[in-house]
$ cat protein.csv   # CSV, C-alpha atoms and all ligand atoms
chain,number,residue,atom,x,y,z
A,1,MET,CA,35.5,6.6,55.7
A,2,LEU,CA,37.9,4.6,57.8
A,3,ARG,CA,41.6,5.0,56.8
A,4,TYR,CA,44.1,2.2,57.3
A,5,VAL,CA,47.4,4.1,57.7
A,6,THR,CA,50.5,2.1,56.7
A,7,THR,CA,53.2,2.0,54.2
A,8,ASN,CA,52.9,-1.8,54.1
A,9,GLU,CA,50.7,-3.1,51.2
A,10,GLY,CA,50.7,-6.5,52.8
A,11,LYS,CA,48.8,-5.2,55.8
A,12,ILE,CA,46.3,-3.5,53.5
A,13,ARG,CA,45.6,-6.8,51.6
A,14,GLU,CA,44.9,-8.5,54.9
A,15,ALA,CA,42.8,-5.7,56.3
A,16,GLU,CA,40.5,-5.4,53.3
A,17,GLU,CA,39.0,-8.7,54.0
A,18,TYR,CA,37.6,-7.5,57.3
A,19,LEU,CA,36.8,-3.9,56.5
A,20,GLU,CA,34.7,-3.2,53.5
A,21,GLU,CA,34.8,0.6,53.6
A,22,VAL,CA,38.5,1.2,54.2
A,23,ALA,CA,40.9,3.4,52.3
A,24,ALA,CA,44.6,2.9,52.5
A,25,VAL,CA,46.7,5.9,53.5
A,26,ASP,CA,50.3,5.6,52.6
A,27,TYR,CA,51.7,7.7,55.5
A,28,ASP,CA,54.8,6.8,57.5
A,29,TYR,CA,53.7,8.1,60.9
A,30,PRO,CA,56.5,8.5,63.4
A,31,GLU,CA,56.9,5.2,65.3
A,32,ILE,CA,58.0,5.7,68.9
A,33,GLN,CA,60.4,3.2,70.4
A,34,ALA,CA,58.9,1.4,73.4
A,35,ASP,CA,58.8,-2.0,75.0
A,36,SER,CA,55.1,-2.4,74.5
A,37,MET,CA,53.4,-2.8,71.2
A,38,ARG,CA,50.3,-1.3,72.8
A,39,THR,CA,52.1,1.9,73.4
A,40,ILE,CA,53.6,2.0,70.0
A,41,ALA,CA,50.3,1.3,68.3
A,42,ALA,CA,48.4,3.8,70.4
A,43,GLU,CA,50.8,6.6,69.8
A,44,GLY,CA,50.9,5.7,66.1
A,45,ALA,CA,47.1,5.9,65.9
A,46,ARG,CA,47.2,9.3,67.5
A,47,ALA,CA,49.9,10.6,65.1
A,48,ALA,CA,48.0,9.1,62.1
A,49,TYR,CA,44.7,10.7,63.3
A,50,ARG,CA,46.4,14.1,63.6
A,51,HIS,CA,47.7,13.8,60.1
A,52,VAL,CA,44.6,12.4,58.4
A,53,GLU,CA,41.9,14.2,60.5
A,54,ALA,CA,39.5,11.3,59.9
A,55,PRO,CA,38.9,7.9,61.7
A,56,VAL,CA,42.1,5.9,61.4
A,57,VAL,CA,43.4,2.4,62.1
A,58,VAL,CA,47.0,1.4,62.4
A,59,ASP,CA,48.6,-1.8,63.5
A,60,ASP,CA,51.8,-2.7,65.1
A,61,ALA,CA,53.0,-6.3,64.9
A,62,GLY,CA,56.1,-8.3,65.7
A,63,LEU,CA,57.8,-11.7,66.0
A,64,PHE,CA,58.4,-13.0,69.5
A,65,LEU,CA,60.9,-15.9,70.0
A,66,GLU,CA,60.2,-17.7,73.2
A,67,GLY,CA,63.8,-19.0,73.6
A,68,PHE,CA,65.1,-15.4,73.2
A,69,ASP,CA,62.8,-13.9,75.8
A,70,GLY,CA,60.5,-12.4,73.2
A,71,PHE,CA,63.2,-10.9,71.0
A,72,PRO,CA,62.8,-9.2,68.6
A,73,GLY,CA,59.3,-8.3,69.7
A,74,PRO,CA,58.6,-4.6,69.5
A,75,TYR,CA,62.0,-4.2,67.7
A,76,SER,CA,61.0,-6.6,64.9
A,77,SER,CA,61.2,-3.9,62.2
A,78,TYR,CA,64.6,-2.7,63.2
A,79,VAL,CA,65.9,-6.3,63.4
A,80,GLU,CA,64.4,-7.1,60.0
A,81,ASP,CA,66.3,-4.1,58.5
A,82,THR,CA,69.6,-4.9,60.3
A,83,LEU,CA,69.9,-8.6,60.8
A,84,GLY,CA,67.4,-9.6,58.2
A,85,VAL,CA,64.7,-12.3,58.3
A,86,GLU,CA,66.9,-15.2,57.1
A,87,ARG,CA,69.6,-14.6,59.8
A,88,VAL,CA,67.0,-14.3,62.5
A,89,GLY,CA,65.6,-17.6,61.3
A,90,ARG,CA,69.1,-19.2,61.2
A,91,LEU,CA,69.9,-17.9,64.7
A,92,ALA,CA,66.7,-19.2,66.2
A,93,ARG,CA,67.3,-22.6,64.6
A,94,GLU,CA,70.9,-22.8,65.6
A,95,GLU,CA,70.1,-21.9,69.2
A,96,ASP,CA,67.1,-24.3,69.2
A,97,ALA,CA,64.8,-21.4,70.0
A,98,THR,CA,62.2,-22.1,67.3
A,99,ARG,CA,59.0,-21.7,69.3
A,100,ALA,CA,57.6,-18.3,68.4
A,101,TRP,CA,54.5,-16.1,68.3
A,102,PHE,CA,53.4,-13.4,66.0
A,103,ARG,CA,51.5,-10.7,67.9
A,104,CYS,CA,49.5,-7.7,66.6
A,105,VAL,CA,47.8,-4.7,68.1
A,106,VAL,CA,45.3,-2.9,66.0
A,107,ALA,CA,44.7,0.7,67.2
A,108,TYR,CA,41.7,2.9,66.3
A,109,CYS,CA,41.4,6.6,66.9
A,110,ASP,CA,38.7,9.0,65.7
A,111,GLY,CA,39.1,11.8,68.2
A,112,ASP,CA,36.2,10.8,70.4
A,113,GLY,CA,36.1,9.0,73.6
A,114,PHE,CA,35.1,5.3,74.3
A,115,GLU,CA,33.5,3.5,77.2
A,116,ALA,CA,36.1,1.4,78.9
A,117,THR,CA,35.7,-2.4,78.6
A,118,PRO,CA,36.8,-5.0,81.1
A,119,GLU,CA,39.5,-6.6,78.9
A,120,PRO,CA,42.8,-4.8,79.3
A,121,VAL,CA,43.6,-4.7,75.7
A,122,ASP,CA,40.2,-3.3,74.7
A,123,THR,CA,40.4,-0.7,77.4
A,124,ASP,CA,41.1,2.9,76.6
A,125,ASP,CA,44.8,2.5,77.4
A,126,ARG,CA,45.4,6.1,78.7
A,127,ARG,CA,43.7,5.4,82.0
A,128,GLY,CA,45.5,2.3,82.9
A,129,ARG,CA,42.3,0.8,84.4
A,130,ASN,CA,41.8,-3.0,84.5
A,131,LEU,CA,45.3,-3.6,83.4
A,132,SER,CA,47.4,-6.5,84.6
A,133,ALA,CA,50.6,-5.7,86.6
A,134,ASP,CA,52.5,-6.5,83.4
A,135,ASP,CA,50.6,-4.0,81.4
A,136,ARG,CA,50.6,-1.2,83.9
A,137,GLY,CA,54.1,-0.1,83.0
A,138,ALA,CA,53.1,0.2,79.4
A,139,ALA,CA,50.1,2.3,80.3
A,140,ALA,CA,52.2,4.5,82.5
A,141,THR,CA,54.7,5.0,79.6
A,142,ASP,CA,51.8,5.8,77.4
A,143,ASP,CA,50.5,8.4,79.9
A,144,ALA,CA,53.8,10.0,80.0
A,145,VAL,CA,54.1,10.1,76.2
A,146,ALA,CA,50.6,11.3,75.6
A,147,GLU,CA,49.5,13.6,78.4
A,148,GLY,CA,45.9,14.8,77.5
A,149,ALA,CA,46.1,12.4,74.6
A,150,LEU,CA,43.4,11.3,72.2
A,151,PRO,CA,41.5,8.2,73.3
A,152,VAL,CA,42.6,5.1,71.4
A,153,ARG,CA,41.0,1.7,71.3
A,154,LEU,CA,43.2,-1.4,71.1
A,155,PHE,CA,42.6,-4.9,69.8
A,156,ALA,CA,45.2,-7.6,70.1
A,157,GLY,CA,45.7,-10.9,68.3
A,158,SER,CA,48.4,-13.6,68.4
A,159,VAL,CA,49.3,-16.9,66.8
A,160,PRO,CA,51.8,-19.5,67.8
A,161,GLY,CA,54.3,-21.0,65.4
A,162,ARG,CA,57.7,-22.5,64.7
A,163,ILE,CA,60.7,-21.0,63.0
A,164,VAL,CA,61.7,-22.9,60.0
A,165,GLU,CA,63.9,-22.5,56.9
A,166,PRO,CA,62.3,-19.9,54.6
A,167,ARG,CA,59.5,-21.3,52.4
A,168,GLY,CA,56.8,-19.6,50.3
A,169,GLU,CA,56.3,-16.5,48.1
A,170,ASP,CA,53.3,-14.8,49.7
A,171,GLY,CA,53.0,-12.5,52.7
A,172,PHE,CA,55.7,-10.2,53.9
A,173,GLY,CA,58.3,-9.7,56.6
A,174,TYR,CA,58.9,-12.8,58.7
A,175,ASP,CA,56.2,-14.9,57.0
A,176,PRO,CA,58.6,-17.2,55.1
A,177,ILE,CA,60.2,-18.4,58.3
A,178,PHE,CA,57.1,-18.7,60.5
A,179,GLU,CA,55.3,-22.0,60.2
A,180,HIS,CA,51.8,-22.6,61.6
A,181,ASP,CA,50.1,-25.9,61.3
A,182,GLY,CA,52.6,-27.3,58.7
A,183,ARG,CA,52.7,-24.3,56.4
A,184,THR,CA,54.6,-21.0,56.6
A,185,MET,CA,52.6,-17.9,56.5
A,186,ALA,CA,54.2,-17.1,53.1
A,187,GLU,CA,52.7,-20.4,51.8
A,188,MET,CA,49.2,-19.1,52.6
A,189,SER,CA,47.0,-16.8,50.6
A,190,PRO,CA,45.9,-13.6,52.4
A,191,ALA,CA,42.6,-15.2,53.2
A,192,GLU,CA,44.2,-18.3,54.6
A,193,LYS,CA,46.7,-16.3,56.6
A,194,ASN,CA,43.9,-14.1,58.0
A,195,ALA,CA,42.0,-17.2,59.1
A,196,VAL,CA,44.7,-18.1,61.6
A,197,SER,CA,46.9,-15.0,62.0
A,198,HIS,CA,47.6,-12.5,64.7
A,199,ARG,CA,46.4,-9.6,62.5
A,200,GLY,CA,43.3,-11.6,61.4
A,201,ARG,CA,42.3,-12.1,65.0
A,202,ALA,CA,42.9,-8.5,66.0
A,203,LEU,CA,41.1,-7.3,62.9
A,204,ALA,CA,38.1,-9.6,63.5
A,205,SER,CA,37.6,-8.2,67.0
A,206,PHE,CA,38.0,-4.7,65.8
A,207,ALA,CA,35.5,-5.2,62.9
A,208,GLU,CA,33.0,-6.7,65.3
A,209,TRP,CA,33.3,-3.6,67.6
A,210,PHE,CA,33.4,-1.1,64.7
A,211,VAL,CA,30.1,-2.3,63.2
A,212,ASP,CA,28.3,-0.6,66.2
A,213,ARG,CA,30.6,2.4,66.2
A,214,GLU,CA,29.8,3.5,62.7
A,215,PRO,CA,27.1,6.1,62.4
B,1,LIG,P1,55.3,-3.1,61.9
B,1,LIG,O1,54.0,-3.6,62.5
B,1,LIG,O2,55.0,-2.5,60.5
B,1,LIG,O3,56.1,-2.1,62.8
B,1,LIG,O4,56.2,-4.3,61.6
B,1,LIG,C1,57.2,-4.8,62.5
B,1,LIG,C2,58.0,-5.8,61.9
B,1,LIG,O5,57.2,-7.1,61.9
B,1,LIG,C3,58.4,-5.6,60.4
B,1,LIG,O6,59.7,-6.1,60.3
B,1,LIG,C4,57.4,-6.4,59.6
B,1,LIG,O7,57.9,-6.8,58.4
B,1,LIG,C5,57.1,-7.5,60.5
B,1,LIG,N1,55.7,-8.0,60.4
B,1,LIG,C6,54.6,-7.3,60.7
B,1,LIG,N2,53.5,-8.0,60.5
B,1,LIG,C7,53.9,-9.2,60.0
B,1,LIG,C8,53.2,-10.3,59.5
B,1,LIG,O8,52.0,-10.4,59.5
B,1,LIG,N3,54.0,-11.3,59.1
B,1,LIG,C9,55.4,-11.2,59.1
B,1,LIG,N4,56.1,-10.2,59.5
B,1,LIG,C10,55.3,-9.2,60.0

$ encode --input "protein.csv" --output "structure tokens" --more "lines below"
Ligand code: IMP
Amino acid sequence: MLRYVTTNEGKIREAEEYLEEVAAVDYDYPEIQADSMRTIAAEGARAAYRHVEAPVVVDDAGLFLEGFDGFPGPYSSYVEDTLGVERVGRLAREEDATRAWFRCVVAYCDGDGFEATPEPVDTDDRRGRNLSADDRGAAATDDAVAEGALPVRLFAGSVPGRIVEPRGEDGFGYDPIFEHDGRTMAEMSPAEKNAVSHRGRALASFAEWFVDREP
């Protein structure tokens, strides 16, 4: 059975909608520090697979503020723990840098290889084939990190939004300050969030691919 490896229950609630046969594994795999969420997610999936020894999915997500050149991006977790969500929100509003994106990379590893696909993000990232110039650096880093590494398949999703004063009780992380189409993600049920969210989009393309992958 597929294992979703995370210590975040919010991610599991959202993933369950897309993956019927999925078990949550509460394992805090070592998260490497890197400038690319692809690299972080890929290395996380390998670590999770080594631990669980069964097909695994992990996801890495983050908040990207356009006016702050994408900050906090891959460092979103560290910034949530240090500055905190409300202060990030206040900073963005004070600096008039409220245009934002949530991005998510879902990474799958089962110890076997995959056929490369034309889309960079769906390509086995070890080989760095079909990558844009921007992504080549990330692939190279990943090569260095994971020489002879297990193949990982990546699926990305993103959603635009606006940073607002915190509203809503649902969701987790930066959801209360991230407004999309008039509601913050914390004002949406998991199903409503999935329908528009970065994770929902990444999971939808993963689920579509995984249907054919399953024996
Ligand atoms: P990670 O993907 O668990 O590394 O999360 C990185 C950071 O982004 C953490 O601070 C999470 O709380 C936050 N985060 C991840 N996914 C979401 C989301 O869907 N909504 C809001 N915050 C998120």

$ closest_residue --input "protein.csv" --among "A:Phe68, A:Phe172, A:Tyr75, A:Trp101" --to "Met185 in chain A" --atoms "only C-alpha atoms"
A:Phe172

$ residues_around --input "protein.csv" --residues "Met37 in chain A" --least-positions-apart "4" --cutoff "8 Å" --atoms "only C-alpha atoms" --output "VMD selection string"
chain A and resid 41 60 to 61 74 104 to 105

$ residues_around --input "protein.csv" --residues "Asp59 in chain A" --least-positions-apart "4" --cutoff "10 Å" --atoms "all atoms listed in the file" --output "ChimeraX atom specification"
/A:4-6,11,37-38,40-42,44-45,104-108,154-156,199,202-203

$ residues_near_ligand --input "protein.csv" --ligand "ligand LIG 1 (chain B)" --cutoff "7 Å" --atoms "all atoms listed in the file" --output "number ranges by chain"
A: 8, 59-63, 76-80, 171-175, 199

$ closest_residue --input "protein.csv" --among "A:Val57, A:Arg87, A:Ala47, A:Gly168" --to "Ala15 in chain A" --atoms "all atoms listed in the file"
A:Val57

$ closest_residue --input "protein.csv" --among "A:Asp181, A:Glu187, A:Glu17, A:Glu53" --to "Arg167 in chain A" --atoms "all atoms listed in the file"
A:Glu187

$ residues_around --input "protein.csv" --residues "Phe102 in chain A" --least-positions-apart "5" --cutoff "8 Å" --atoms "only C-alpha atoms" --output "list of chain:residue names"
A:Ala61, A:Gly62, A:Leu63, A:Phe64, A:Ser158, A:Val159, A:Pro160, A:Gly161, A:Ser197, A:His198

$ atom_distance --input "protein.csv" --atom1 "CA of Glu14 in chain A" --atom2 "CA of Asp26 in chain A"
15.3 Å

$ closest_residue --input "protein.csv" --among "A:His180, A:Arg13, A:Arg201, A:His51" --to "Cys109 in chain A" --atoms "all atoms listed in the file"
A:His51

$ closest_residue --input "protein.csv" --among "A:Gly10, A:Gly157, A:Gly111, A:Pro30" --to "Val196 in chain A" --atoms "all atoms listed in the file"
A:Gly157

$ atom_distance --input "protein.csv" --atom1 "CA of Arg99 in chain A" --atom2 "CA of Thr7 in chain A"
28.7 Å
